[in-house]
file work37.cif (mmCIF, C-alpha atoms)
data_query
loop_
_atom_site.group_PDB
_atom_site.id
_atom_site.type_symbol
_atom_site.label_atom_id
_atom_site.label_comp_id
_atom_site.auth_asym_id
_atom_site.auth_seq_id
_atom_site.Cartn_x
_atom_site.Cartn_y
_atom_site.Cartn_z
ATOM 1 C CA MET A 1 0.000 0.000 0.000
ATOM 2 C CA SER A 2 1.346 3.407 -0.988
ATOM 3 C CA ASP A 3 1.745 6.224 1.520
ATOM 4 C CA THR A 4 0.555 8.618 -1.181
ATOM 5 C CA SER A 5 -3.131 9.529 -1.025
ATOM 6 C CA ILE A 6 -5.347 8.335 -3.845
ATOM 7 C CA LEU A 7 -8.111 10.741 -2.767
ATOM 8 C CA THR A 8 -7.708 13.990 -0.854
ATOM 9 C CA ILE A 9 -10.767 16.108 -0.070
ATOM 10 C CA THR A 10 -10.033 19.529 1.421
ATOM 11 C CA GLY A 11 -12.675 21.919 2.778
ATOM 12 C CA LEU A 12 -15.258 20.676 0.273
ATOM 13 C CA ARG A 13 -18.450 22.691 0.242
ATOM 14 C CA ALA A 14 -21.358 22.072 -2.119
ATOM 15 C CA LYS A 15 -24.996 22.987 -2.606
ATOM 16 C CA VAL A 16 -27.927 21.969 -4.730
ATOM 17 C CA ALA A 17 -27.407 23.547 -8.163
ATOM 18 C CA ASP A 18 -29.460 26.696 -8.818
ATOM 19 C CA GLU A 19 -30.676 26.747 -5.203
ATOM 20 C CA ASP A 20 -29.468 28.434 -2.056
ATOM 21 C CA LEU A 21 -29.279 25.140 -0.172
ATOM 22 C CA ASP A 22 -25.880 24.220 1.268
ATOM 23 C CA ILE A 23 -25.346 20.515 1.976
ATOM 24 C CA LEU A 24 -21.603 19.913 2.305
ATOM 25 C CA MET A 25 -20.167 22.352 4.839
ATOM 26 C CA GLY A 26 -16.413 21.727 4.636
ATOM 27 C CA VAL A 27 -15.530 18.049 4.242
ATOM 28 C CA ASP A 28 -11.941 16.914 4.819
ATOM 29 C CA LEU A 29 -10.918 13.353 4.019
ATOM 30 C CA GLU A 30 -7.767 11.530 2.929
ATOM 31 C CA ILE A 31 -7.616 7.955 1.629
ATOM 32 C CA ARG A 32 -4.575 5.932 0.592
ATOM 33 C CA PRO A 33 -4.584 3.322 -2.214
ATOM 34 C CA GLY A 34 -6.052 -0.018 -1.214
ATOM 35 C CA GLN A 35 -7.927 1.283 1.816
ATOM 36 C CA ILE A 36 -11.610 0.924 2.605
ATOM 37 C CA HIS A 37 -13.143 3.974 4.266
ATOM 38 C CA THR A 38 -16.726 3.991 5.478
ATOM 39 C CA ILE A 39 -18.931 7.040 5.957
ATOM 40 C CA MET A 40 -21.939 6.690 8.241
ATOM 41 C CA GLY A 41 -24.495 9.262 9.283
ATOM 42 C CA PRO A 42 -28.205 10.018 9.688
ATOM 43 C CA ASN A 43 -30.526 10.867 6.810
ATOM 44 C CA GLY A 44 -29.786 14.281 5.348
ATOM 45 C CA SER A 45 -26.226 14.425 6.651
ATOM 46 C CA GLY A 46 -24.670 14.737 3.182
ATOM 47 C CA LYS A 47 -23.331 11.209 2.663
ATOM 48 C CA SER A 48 -24.914 10.546 -0.727
ATOM 49 C CA THR A 49 -24.317 14.135 -1.787
ATOM 50 C CA LEU A 50 -20.604 13.641 -1.175
ATOM 51 C CA ALA A 51 -20.535 10.560 -3.426
ATOM 52 C CA LYS A 52 -22.431 12.367 -6.190
ATOM 53 C CA VAL A 53 -20.245 15.472 -5.968
ATOM 54 C CA LEU A 54 -17.129 13.314 -6.260
ATOM 55 C CA ALA A 55 -18.578 11.680 -9.376
ATOM 56 C CA GLY A 56 -19.511 15.066 -10.896
ATOM 57 C CA HIS A 57 -23.307 14.863 -10.675
ATOM 58 C CA PRO A 58 -24.808 17.986 -12.353
ATOM 59 C CA ASP A 59 -27.467 18.452 -9.658
ATOM 60 C CA TYR A 60 -24.812 19.792 -7.272
ATOM 61 C CA GLU A 61 -22.509 22.790 -7.387
ATOM 62 C CA VAL A 62 -19.175 22.940 -5.582
ATOM 63 C CA THR A 63 -18.816 26.266 -3.766
ATOM 64 C CA GLY A 64 -15.479 25.744 -2.034
ATOM 65 C CA GLY A 65 -12.574 23.425 -1.396
ATOM 66 C CA ASP A 66 -10.875 20.916 -3.668
ATOM 67 C CA VAL A 67 -10.841 17.213 -4.569
ATOM 68 C CA VAL A 68 -7.588 15.633 -5.731
ATOM 69 C CA PHE A 69 -7.867 12.147 -7.217
ATOM 70 C CA ASN A 70 -4.718 10.277 -8.202
ATOM 71 C CA GLY A 71 -2.701 13.496 -8.047
ATOM 72 C CA GLN A 72 -5.109 15.581 -10.146
ATOM 73 C CA SER A 73 -7.767 18.107 -9.113
ATOM 74 C CA ILE A 74 -10.981 16.783 -10.640
ATOM 75 C CA LEU A 75 -13.499 19.546 -9.988
ATOM 76 C CA ASP A 76 -13.211 20.818 -13.571
ATOM 77 C CA LEU A 77 -13.551 17.340 -15.087
ATOM 78 C CA GLU A 78 -16.804 16.076 -16.601
ATOM 79 C CA PRO A 79 -18.365 12.912 -15.102
ATOM 80 C CA ASN A 80 -17.172 10.762 -18.020
ATOM 81 C CA GLU A 81 -13.640 12.121 -17.600
ATOM 82 C CA ARG A 82 -13.677 11.185 -13.918
ATOM 83 C CA ALA A 83 -14.889 7.700 -14.853
ATOM 84 C CA LEU A 84 -12.137 7.309 -17.450
ATOM 85 C CA ALA A 85 -9.635 8.376 -14.787
ATOM 86 C CA GLY A 86 -10.691 5.341 -12.728
ATOM 87 C CA MET A 87 -13.603 6.517 -10.564
ATOM 88 C CA PHE A 88 -16.791 4.450 -10.281
ATOM 89 C CA LEU A 89 -20.065 5.236 -8.513
ATOM 90 C CA ALA A 90 -22.409 2.445 -7.430
ATOM 91 C CA PHE A 91 -25.692 4.323 -7.094
ATOM 92 C CA GLN A 92 -28.088 4.119 -4.187
ATOM 93 C CA TYR A 93 -30.925 4.214 -6.746
ATOM 94 C CA PRO A 94 -29.538 2.801 -10.020
ATOM 95 C CA THR A 95 -30.975 4.218 -13.231
ATOM 96 C CA GLU A 96 -33.074 2.099 -15.577
ATOM 97 C CA ILE A 97 -31.981 2.021 -19.244
ATOM 98 C CA PRO A 98 -34.698 0.236 -21.242
ATOM 99 C CA GLY A 99 -33.588 -1.244 -24.566
ATOM 100 C CA VAL A 100 -29.889 -1.504 -23.662
ATOM 101 C CA SER A 101 -28.673 -4.889 -22.496
ATOM 102 C CA ILE A 102 -26.213 -5.194 -19.624
ATOM 103 C CA ALA A 103 -23.721 -6.874 -21.956
ATOM 104 C CA ASN A 104 -23.874 -4.074 -24.531
ATOM 105 C CA PHE A 105 -23.723 -1.425 -21.827
ATOM 106 C CA LEU A 106 -20.571 -2.893 -20.305
ATOM 107 C CA ARG A 107 -18.890 -3.528 -23.662
ATOM 108 C CA THR A 108 -19.538 0.105 -24.633
ATOM 109 C CA ALA A 109 -18.094 1.306 -21.319
ATOM 110 C CA LEU A 110 -14.939 -0.758 -21.879
ATOM 111 C CA GLN A 111 -14.692 0.462 -25.464
ATOM 112 C CA ALA A 112 -14.688 4.082 -24.255
ATOM 113 C CA ARG A 113 -11.396 3.429 -22.467
ATOM 114 C CA LEU A 114 -9.531 2.345 -25.596
ATOM 115 C CA GLU A 115 -7.595 4.485 -28.027
ATOM 116 C CA ASP A 116 -9.233 5.413 -31.337
ATOM 117 C CA GLY A 117 -9.328 2.469 -33.677
ATOM 118 C CA GLU A 118 -9.026 -0.208 -31.003
ATOM 119 C CA GLU A 119 -11.869 -2.630 -30.478
ATOM 120 C CA VAL A 120 -12.934 -4.695 -27.493
ATOM 121 C CA ASP A 121 -12.542 -8.319 -28.536
ATOM 122 C CA LEU A 122 -16.030 -9.856 -28.404
ATOM 123 C CA PHE A 123 -14.932 -13.347 -27.340
ATOM 124 C CA ASP A 124 -12.554 -12.062 -24.647
ATOM 125 C CA PHE A 125 -15.307 -9.785 -23.358
ATOM 126 C CA GLN A 126 -17.873 -12.592 -23.208
ATOM 127 C CA GLU A 127 -15.444 -14.814 -21.322
ATOM 128 C CA GLU A 128 -14.664 -12.034 -18.838
ATOM 129 C CA LEU A 129 -18.336 -11.160 -18.350
ATOM 130 C CA LEU A 130 -19.310 -14.774 -17.650
ATOM 131 C CA ASP A 131 -16.439 -15.095 -15.178
ATOM 132 C CA ARG A 132 -17.536 -11.948 -13.330
ATOM 133 C CA MET A 133 -21.167 -13.112 -13.259
ATOM 134 C CA LYS A 134 -20.132 -16.443 -11.793
ATOM 135 C CA LEU A 135 -18.291 -14.535 -9.072
ATOM 136 C CA LEU A 136 -21.559 -12.833 -8.122
ATOM 137 C CA ASP A 137 -23.681 -15.994 -8.438
ATOM 138 C CA MET A 138 -25.623 -14.507 -11.378
ATOM 139 C CA ASP A 139 -27.442 -16.414 -14.131
ATOM 140 C CA PRO A 140 -25.651 -15.816 -17.482
ATOM 141 C CA ALA A 141 -29.028 -14.919 -19.015
ATOM 142 C CA PHE A 142 -28.993 -11.827 -16.786
ATOM 143 C CA ALA A 143 -26.496 -10.214 -19.214
ATOM 144 C CA GLU A 144 -29.143 -9.945 -21.927
ATOM 145 C CA ARG A 145 -31.658 -8.102 -19.783
ATOM 146 C CA PRO A 146 -32.093 -4.313 -20.211
ATOM 147 C CA VAL A 147 -30.066 -2.390 -17.625
ATOM 148 C CA ASN A 148 -32.063 -2.316 -14.365
ATOM 149 C CA ASP A 149 -35.380 -2.392 -16.274
ATOM 150 C CA GLY A 150 -37.872 -4.316 -14.146
ATOM 151 C CA PHE A 151 -35.150 -5.358 -11.698
ATOM 152 C CA SER A 152 -35.775 -5.931 -8.022
ATOM 153 C CA GLY A 153 -33.793 -3.821 -5.572
ATOM 154 C CA GLY A 154 -31.378 -6.674 -4.949
ATOM 155 C CA GLU A 155 -30.889 -7.289 -8.687
ATOM 156 C CA LYS A 156 -30.080 -3.631 -9.238
ATOM 157 C CA LYS A 157 -27.448 -3.645 -6.513
ATOM 158 C CA ARG A 158 -25.920 -6.868 -7.780
ATOM 159 C CA ASN A 159 -25.755 -5.328 -11.255
ATOM 160 C CA GLU A 160 -23.867 -2.351 -9.813
ATOM 161 C CA ILE A 161 -21.251 -4.721 -8.399
ATOM 162 C CA LEU A 162 -21.104 -6.594 -11.727
ATOM 163 C CA GLN A 163 -20.278 -3.306 -13.457
ATOM 164 C CA MET A 164 -17.583 -2.649 -10.897
ATOM 165 C CA ALA A 165 -16.197 -6.158 -11.379
ATOM 166 C CA VAL A 166 -15.931 -5.738 -15.149
ATOM 167 C CA LEU A 167 -14.662 -2.140 -15.178
ATOM 168 C CA ARG A 168 -12.146 -2.644 -12.323
ATOM 169 C CA PRO A 169 -12.018 0.980 -11.080
ATOM 170 C CA THR A 170 -9.199 2.562 -9.106
ATOM 171 C CA LEU A 171 -11.718 4.120 -6.699
ATOM 172 C CA ALA A 172 -15.166 2.651 -6.057
ATOM 173 C CA LEU A 173 -17.741 4.936 -4.462
ATOM 174 C CA MET A 174 -20.467 2.700 -3.024
ATOM 175 C CA ASP A 175 -23.538 4.716 -2.092
ATOM 176 C CA GLU A 176 -25.658 2.640 0.318
ATOM 177 C CA THR A 177 -25.220 -0.494 -1.791
ATOM 178 C CA ASP A 178 -26.532 -2.545 1.142
ATOM 179 C CA SER A 179 -29.945 -0.848 1.292
ATOM 180 C CA GLY A 180 -32.778 -3.148 0.312
ATOM 181 C CA LEU A 181 -30.666 -6.322 0.387
ATOM 182 C CA ASP A 182 -31.602 -9.442 2.296
ATOM 183 C CA ILE A 183 -28.835 -11.277 4.135
ATOM 184 C CA ASP A 184 -28.090 -13.689 1.262
ATOM 185 C CA ALA A 185 -27.806 -10.917 -1.325
ATOM 186 C CA LEU A 186 -25.724 -8.851 1.081
ATOM 187 C CA GLN A 187 -23.241 -11.695 1.518
ATOM 188 C CA ILE A 188 -22.962 -12.227 -2.255
ATOM 189 C CA VAL A 189 -22.367 -8.523 -2.904
ATOM 190 C CA ALA A 190 -19.812 -8.285 -0.103
ATOM 191 C CA ASN A 191 -18.041 -11.410 -1.321
ATOM 192 C CA GLY A 192 -17.811 -9.849 -4.774
ATOM 193 C CA VAL A 193 -16.236 -6.681 -3.395
ATOM 194 C CA ASN A 194 -13.792 -8.630 -1.229
ATOM 195 C CA THR A 195 -12.758 -10.857 -4.143
ATOM 196 C CA LEU A 196 -12.156 -7.830 -6.375
ATOM 197 C CA ARG A 197 -9.891 -6.348 -3.734
ATOM 198 C CA GLU A 198 -7.998 -9.627 -3.391
ATOM 199 C CA GLU A 199 -7.417 -9.541 -7.149
ATOM 200 C CA ASN A 200 -6.371 -5.899 -7.028
ATOM 201 C CA PRO A 201 -5.087 -4.875 -3.567
ATOM 202 C CA ASP A 202 -4.723 -1.241 -4.686
ATOM 203 C CA MET A 203 -8.441 -0.849 -5.455
ATOM 204 C CA THR A 204 -9.784 1.747 -3.041
ATOM 205 C CA VAL A 205 -13.344 1.824 -1.679
ATOM 206 C CA LEU A 206 -15.377 4.636 -0.135
ATOM 207 C CA LEU A 207 -18.403 2.860 1.346
ATOM 208 C CA ILE A 208 -21.431 4.884 2.415
ATOM 209 C CA THR A 209 -23.918 3.123 4.652
ATOM 210 C CA HIS A 210 -26.455 3.609 7.434
ATOM 211 C CA TYR A 211 -25.827 0.310 9.126
ATOM 212 C CA GLN A 212 -22.992 -1.556 10.746
ATOM 213 C CA ARG A 213 -24.158 -4.890 9.280
ATOM 214 C CA MET A 214 -22.357 -4.281 5.951
ATOM 215 C CA LEU A 215 -19.115 -3.949 7.898
ATOM 216 C CA ASN A 216 -19.529 -7.485 9.196
ATOM 217 C CA TYR A 217 -18.580 -8.609 5.688
ATOM 218 C CA ILE A 218 -16.465 -5.761 4.301
ATOM 219 C CA LYS A 219 -13.854 -4.738 6.875
ATOM 220 C CA PRO A 220 -13.013 -1.011 6.794
ATOM 221 C CA ASP A 221 -9.666 0.607 7.563
ATOM 222 C CA ALA A 222 -11.436 3.711 8.859
ATOM 223 C CA VAL A 223 -14.975 4.780 9.769
ATOM 224 C CA HIS A 224 -16.121 8.407 9.574
ATOM 225 C CA VAL A 225 -19.272 9.941 11.027
ATOM 226 C CA MET A 226 -20.921 12.656 8.918
ATOM 227 C CA VAL A 227 -23.456 15.006 10.467
ATOM 228 C CA GLY A 228 -24.649 18.333 9.082
ATOM 229 C CA GLY A 229 -22.424 18.175 6.012
ATOM 230 C CA ARG A 230 -19.211 17.661 7.995
ATOM 231 C CA ILE A 231 -17.156 14.711 9.161
ATOM 232 C CA VAL A 232 -17.400 15.012 12.926
ATOM 233 C CA ARG A 233 -15.551 11.889 14.032
ATOM 234 C CA SER A 234 -13.108 9.386 12.539
ATOM 235 C CA GLY A 235 -11.730 6.138 13.888
ATOM 236 C CA GLY A 236 -11.619 2.399 13.373
ATOM 237 C CA PRO A 237 -14.430 -0.201 13.129
ATOM 238 C CA GLU A 238 -15.270 0.446 16.787
ATOM 239 C CA VAL A 239 -16.884 3.743 15.695
ATOM 240 C CA ALA A 240 -19.511 1.838 13.680
ATOM 241 C CA ILE A 241 -20.219 -0.481 16.602
ATOM 242 C CA ALA A 242 -20.725 2.491 18.921
ATOM 243 C CA LEU A 243 -23.103 4.122 16.453
ATOM 244 C CA GLU A 244 -25.137 0.924 16.201
ATOM 245 C CA GLU A 245 -25.531 0.926 19.972
ATOM 246 C CA GLN A 246 -25.955 4.653 20.654
ATOM 247 C CA GLY A 247 -27.365 6.170 17.466
ATOM 248 C CA TYR A 248 -26.725 9.688 16.190
ATOM 249 C CA ALA A 249 -28.610 11.799 18.737
ATOM 250 C CA ASP A 250 -25.501 13.111 20.535
ATOM 251 C CA TRP A 251 -23.800 14.010 17.269
ATOM 252 C CA LYS A 252 -26.892 15.799 15.947
ATOM 253 C CA GLU A 253 -27.059 17.900 19.118
ATOM 254 C CA GLN A 254 -23.357 18.712 18.901
ATOM 255 C CA ASP A 255 -23.724 19.716 15.247
ATOM 256 C CA LYS A 256 -26.683 21.936 16.118
ATOM 257 C CA ASP A 257 -24.623 23.743 18.764
ATOM 258 C CA GLU A 258 -21.664 24.158 16.392
ATOM 259 C CA GLY A 259 -23.952 25.457 13.656
ATOM 260 C CA GLN A 260 -25.432 28.072 15.978
ATOM 261 C CA GLU A 261 -21.945 29.122 17.066
ATOM 262 C CA GLU A 262 -20.791 29.459 13.458
ATOM 263 C CA GLU A 263 -23.873 31.506 12.580
ATOM 264 C CA GLN A 264 -23.212 33.865 15.506
ATOM 265 C CA GLN A 265 -19.593 34.300 14.393
ATOM 266 C CA GLN A 266 -20.720 35.153 10.872
ATOM 267 C CA GLN A 267 -23.152 37.730 12.247
ATOM 268 C CA VAL A 268 -20.315 39.336 14.216
ATOM 269 C CA VAL A 269 -18.105 39.478 11.119
ATOM 270 C CA THR A 270 -20.818 41.041 8.930
ATOM 271 C CA ALA A 271 -22.060 43.459 11.597
#
call {"tool": "encode", "arguments": {"input": "work37.cif", "output": "structure tokens"}}
result
Amino acid sequence: MSDTSILTITGLRAKVADEDLDILMGVDLEIRPGQIHTIMGPNGSGKSTLAKVLAGHPDYEVTGGDVVFNGQSILDLEPNERALAGMFLAFQYPTEIPGVSIANFLRTALQARLEDGEEVDLFDFQEELLDRMKLLDMDPAFAERPVNDGFSGGEKKRNEILQMAVLRPTLALMDETDSGLDIDALQIVANGVNTLREENPDMTVLLITHYQRMLNYIKPDAVHVMVGGRIVRSGGPEVAIALEEQGYADWKEQDKDEGQEEEQQQQVVTA
């Protein structure tokens, strides 16, 4: 594992685009290659917003700070440029794409990585796709289904991990991938992630979740608590266990007090 950070977030602030609604209030985070970092927090704390901002989602506007991925500031990059640089987002609510099969979708995504004139070999691709589907205990016929069209929640999440398995990103952003999964599906998804990391120890994961149960299967190097658009505590897996037992009430109250203090300071400055 390198001592150099693969992802460095400094003072990141963001709001809903075209609205005066701040969500991220100064996020600082540093992750080294091969690490798994988990972000936990209550609803509305900014967890999913952080993942979408990192991926370049157009619904959000960065108003301060910087994000450096693999040595490059990415805030001026388009979403497809961030993806080509090795970033992958597993969505909390995956999009349906009727009429486009999973196989064609993935082959097109792989093709986009190649230089002009190069082609993805069809037979090599089919062999790789079948191998990745076997890893996730998926029926090969699944590859011919339209992307997420008519899928159950568990099927959508498993498809997200299949995409990750085929595309092999440098940084995987997993936005509440465990939501809606029963215990069997959760174990299959977690096993897929763990196997991918065994194959590529430098693959880095930022896992966003509400619940400690996902961490029973995917062991994090660090756990961060996000409340009110800020990371308010960082530590090891014991942080997740404490949250499961105690909840977020104390952190919400602390964030409320800090927010009031910050507002008073701003009023003093502008007075």
call {"tool": "closest_residue", "arguments": {"input": "work37.cif", "among": "A:Gln72, A:Val147, A:Leu135, A:Thr38", "to": "Glu238 (chain A)", "atoms": "all atoms listed in the file"}}
result
A:Thr38
call {"tool": "resolve_selection", "arguments": {"input": "work37.cif", "expression": "the PyMOL selection byres ((chain A and resi 237) around 7)", "output": "PDB file with C-alpha atoms, keeping the file's coordinate frame"}}
result
ATOM      1  CA  PRO A 220     -13.013  -1.011   6.794  1.00  0.00           C
ATOM      2  CA  ALA A 222     -11.436   3.711   8.859  1.00  0.00           C
ATOM      3  CA  VAL A 223     -14.975   4.780   9.769  1.00  0.00           C
ATOM      4  CA  GLY A 235     -11.730   6.138  13.888  1.00  0.00           C
ATOM      5  CA  GLY A 236     -11.619   2.399  13.373  1.00  0.00           C
ATOM      6  CA  GLU A 238     -15.270   0.446  16.787  1.00  0.00           C
ATOM      7  CA  VAL A 239     -16.884   3.743  15.695  1.00  0.00           C
ATOM      8  CA  ALA A 240     -19.511   1.838  13.680  1.00  0.00           C
ATOM      9  CA  ILE A 241     -20.219  -0.481  16.602  1.00  0.00           C
TER      10      ILE A 241
END
call {"tool": "resolve_selection", "arguments": {"input": "work37.cif", "expression": "the PyMOL selection byres ((chain A and resi 159) around 12)", "output": "short mmCIF file (atom, residue, chain, number, x, y, z; two decimals) with C-alpha atoms, keeping the file's coordinate frame"}}
result
data_model
loop_
_atom_site.label_atom_id
_atom_site.label_comp_id
_atom_site.auth_asym_id
_atom_site.auth_seq_id
_atom_site.Cartn_x
_atom_site.Cartn_y
_atom_site.Cartn_z
CA ALA A 90 -22.41 2.44 -7.43
CA PHE A 91 -25.69 4.32 -7.09
CA TYR A 93 -30.92 4.21 -6.75
CA PRO A 94 -29.54 2.80 -10.02
CA THR A 95 -30.98 4.22 -13.23
CA GLU A 96 -33.07 2.10 -15.58
CA SER A 101 -28.67 -4.89 -22.50
CA ILE A 102 -26.21 -5.19 -19.62
CA ALA A 103 -23.72 -6.87 -21.96
CA PHE A 105 -23.72 -1.42 -21.83
CA LEU A 106 -20.57 -2.89 -20.30
CA LEU A 129 -18.34 -11.16 -18.35
CA ARG A 132 -17.54 -11.95 -13.33
CA MET A 133 -21.17 -13.11 -13.26
CA LEU A 136 -21.56 -12.83 -8.12
CA ASP A 137 -23.68 -15.99 -8.44
CA MET A 138 -25.62 -14.51 -11.38
CA ASP A 139 -27.44 -16.41 -14.13
CA PHE A 142 -28.99 -11.83 -16.79
CA ALA A 143 -26.50 -10.21 -19.21
CA ARG A 145 -31.66 -8.10 -19.78
CA PRO A 146 -32.09 -4.31 -20.21
CA VAL A 147 -30.07 -2.39 -17.62
CA ASN A 148 -32.06 -2.32 -14.36
CA ASP A 149 -35.38 -2.39 -16.27
CA PHE A 151 -35.15 -5.36 -11.70
CA SER A 152 -35.78 -5.93 -8.02
CA GLY A 153 -33.79 -3.82 -5.57
CA GLY A 154 -31.38 -6.67 -4.95
CA GLU A 155 -30.89 -7.29 -8.69
CA LYS A 156 -30.08 -3.63 -9.24
CA LYS A 157 -27.45 -3.64 -6.51
CA ARG A 158 -25.92 -6.87 -7.78
CA GLU A 160 -23.87 -2.35 -9.81
CA ILE A 161 -21.25 -4.72 -8.40
CA LEU A 162 -21.10 -6.59 -11.73
CA GLN A 163 -20.28 -3.31 -13.46
CA MET A 164 -17.58 -2.65 -10.90
CA ALA A 165 -16.20 -6.16 -11.38
CA VAL A 166 -15.93 -5.74 -15.15
CA THR A 177 -25.22 -0.49 -1.79
CA ALA A 185 -27.81 -10.92 -1.32
CA ILE A 188 -22.96 -12.23 -2.26
CA VAL A 189 -22.37 -8.52 -2.90
CA GLY A 192 -17.81 -9.85 -4.77
#
call {"tool": "closest_residue", "arguments": {"input": "work37.cif", "among": "A:Gly46, A:Pro33, A:Gly150, A:Gly99", "to": "Asn200 (chain A)", "atoms": "only C-alpha atoms"}}
result
A:Pro33
call {"tool": "residues_around", "arguments": {"input": "work37.cif", "residues": "Pro58 (chain A)", "least_positions_apart": "6", "cutoff": "10 Å", "atoms": "all atoms listed in the file", "output": "list of chain:residue names"}}
result
A:Val16, A:Ala17, A:Lys52, A:Glu78, A:Pro79
call {"tool": "axis_aligned_box", "arguments": {"input": "work37.cif", "around": "region 152-155 of chain A", "padding_each_side": "3 Å", "output": "JSON"}}
result
{"center_x": -33.3, "center_y": -5.6, "center_z": -6.8, "size_x": 10.9, "size_y": 9.5, "size_z": 9.7}
call {"tool": "atom_distance", "arguments": {"input": "work37.cif", "atom1": "CA of Glu127 (chain A)", "atom2": "CA of Asn191 (chain A)"}}
result
20.5 Å
call {"tool": "residues_around", "arguments": {"input": "work37.cif", "residues": "Gly11 (chain A)", "least_positions_apart": "2", "cutoff": "6 Å", "atoms": "all atoms listed in the file", "output": "ChimeraX atom specification"}}
result
/A:26-28,65
call {"tool": "residues_around", "arguments": {"input": "work37.cif", "residues": "Asp221 (chain A)", "least_positions_apart": "3", "cutoff": "7 Å", "atoms": "all atoms listed in the file", "output": "number ranges by chain"}}
result
A: 35-37, 236
call {"tool": "write_last_selection", "arguments": {"input": "work37.cif", "atoms": "C-alpha atoms", "output": "PDB file, in the coordinates of the input"}}
result
ATOM      1  CA  GLN A  35      -7.927   1.283   1.816  1.00  0.00           C
ATOM      2  CA  ILE A  36     -11.610   0.924   2.605  1.00  0.00           C
ATOM      3  CA  HIS A  37     -13.143   3.974   4.266  1.00  0.00           C
ATOM      4  CA  GLY A 236     -11.619   2.399  13.373  1.00  0.00           C
TER       5      GLY A 236
END
call {"tool": "closest_residue", "arguments": {"input": "work37.cif", "among": "A:Met214, A:Glu30, A:Val205, A:Met40", "to": "Gly247 (chain A)", "atoms": "only C-alpha atoms"}}
result
A:Met40
call {"tool": "closest_residue", "arguments": {"input": "work37.cif", "among": "A:Ile97, A:Gly86, A:Ile9, A:Val120", "to": "Val68 (chain A)", "atoms": "all atoms listed in the file"}}
result
A:Ile9
call {"tool": "decode", "arguments": {"input": "work37.cif", "residues": "region 197-243 of chain A", "atoms": "C-alpha atoms", "output": "short mmCIF file (atom, residue, chain, number, x, y, z; two decimals), in the first residue's frame"}}
result
data_model
loop_
_atom_site.label_atom_id
_atom_site.label_comp_id
_atom_site.auth_asym_id
_atom_site.auth_seq_id
_atom_site.Cartn_x
_atom_site.Cartn_y
_atom_site.Cartn_z
CA ARG A 197 -9.89 -6.35 -3.73
CA GLU A 198 -8.00 -9.63 -3.39
CA GLU A 199 -7.42 -9.54 -7.15
CA ASN A 200 -6.37 -5.90 -7.03
CA PRO A 201 -5.09 -4.87 -3.57
CA ASP A 202 -4.72 -1.24 -4.69
CA MET A 203 -8.44 -0.85 -5.46
CA THR A 204 -9.78 1.75 -3.04
CA VAL A 205 -13.34 1.82 -1.68
CA LEU A 206 -15.38 4.64 -0.13
CA LEU A 207 -18.40 2.86 1.35
CA ILE A 208 -21.43 4.88 2.41
CA THR A 209 -23.92 3.12 4.65
CA HIS A 210 -26.46 3.61 7.43
CA TYR A 211 -25.83 0.31 9.13
CA GLN A 212 -22.99 -1.56 10.75
CA ARG A 213 -24.16 -4.89 9.28
CA MET A 214 -22.36 -4.28 5.95
CA LEU A 215 -19.11 -3.95 7.90
CA ASN A 216 -19.53 -7.49 9.20
CA TYR A 217 -18.58 -8.61 5.69
CA ILE A 218 -16.47 -5.76 4.30
CA LYS A 219 -13.85 -4.74 6.87
CA PRO A 220 -13.01 -1.01 6.79
CA ASP A 221 -9.67 0.61 7.56
CA ALA A 222 -11.44 3.71 8.86
CA VAL A 223 -14.98 4.78 9.77
CA HIS A 224 -16.12 8.41 9.57
CA VAL A 225 -19.27 9.94 11.03
CA MET A 226 -20.92 12.66 8.92
CA VAL A 227 -23.46 15.01 10.47
CA GLY A 228 -24.65 18.33 9.08
CA GLY A 229 -22.42 18.18 6.01
CA ARG A 230 -19.21 17.66 8.00
CA ILE A 231 -17.16 14.71 9.16
CA VAL A 232 -17.40 15.01 12.93
CA ARG A 233 -15.55 11.89 14.03
CA SER A 234 -13.11 9.39 12.54
CA GLY A 235 -11.73 6.14 13.89
CA GLY A 236 -11.62 2.40 13.37
CA PRO A 237 -14.43 -0.20 13.13
CA GLU A 238 -15.27 0.45 16.79
CA VAL A 239 -16.88 3.74 15.69
CA ALA A 240 -19.51 1.84 13.68
CA ILE A 241 -20.22 -0.48 16.60
CA ALA A 242 -20.72 2.49 18.92
CA LEU A 243 -23.10 4.12 16.45
#
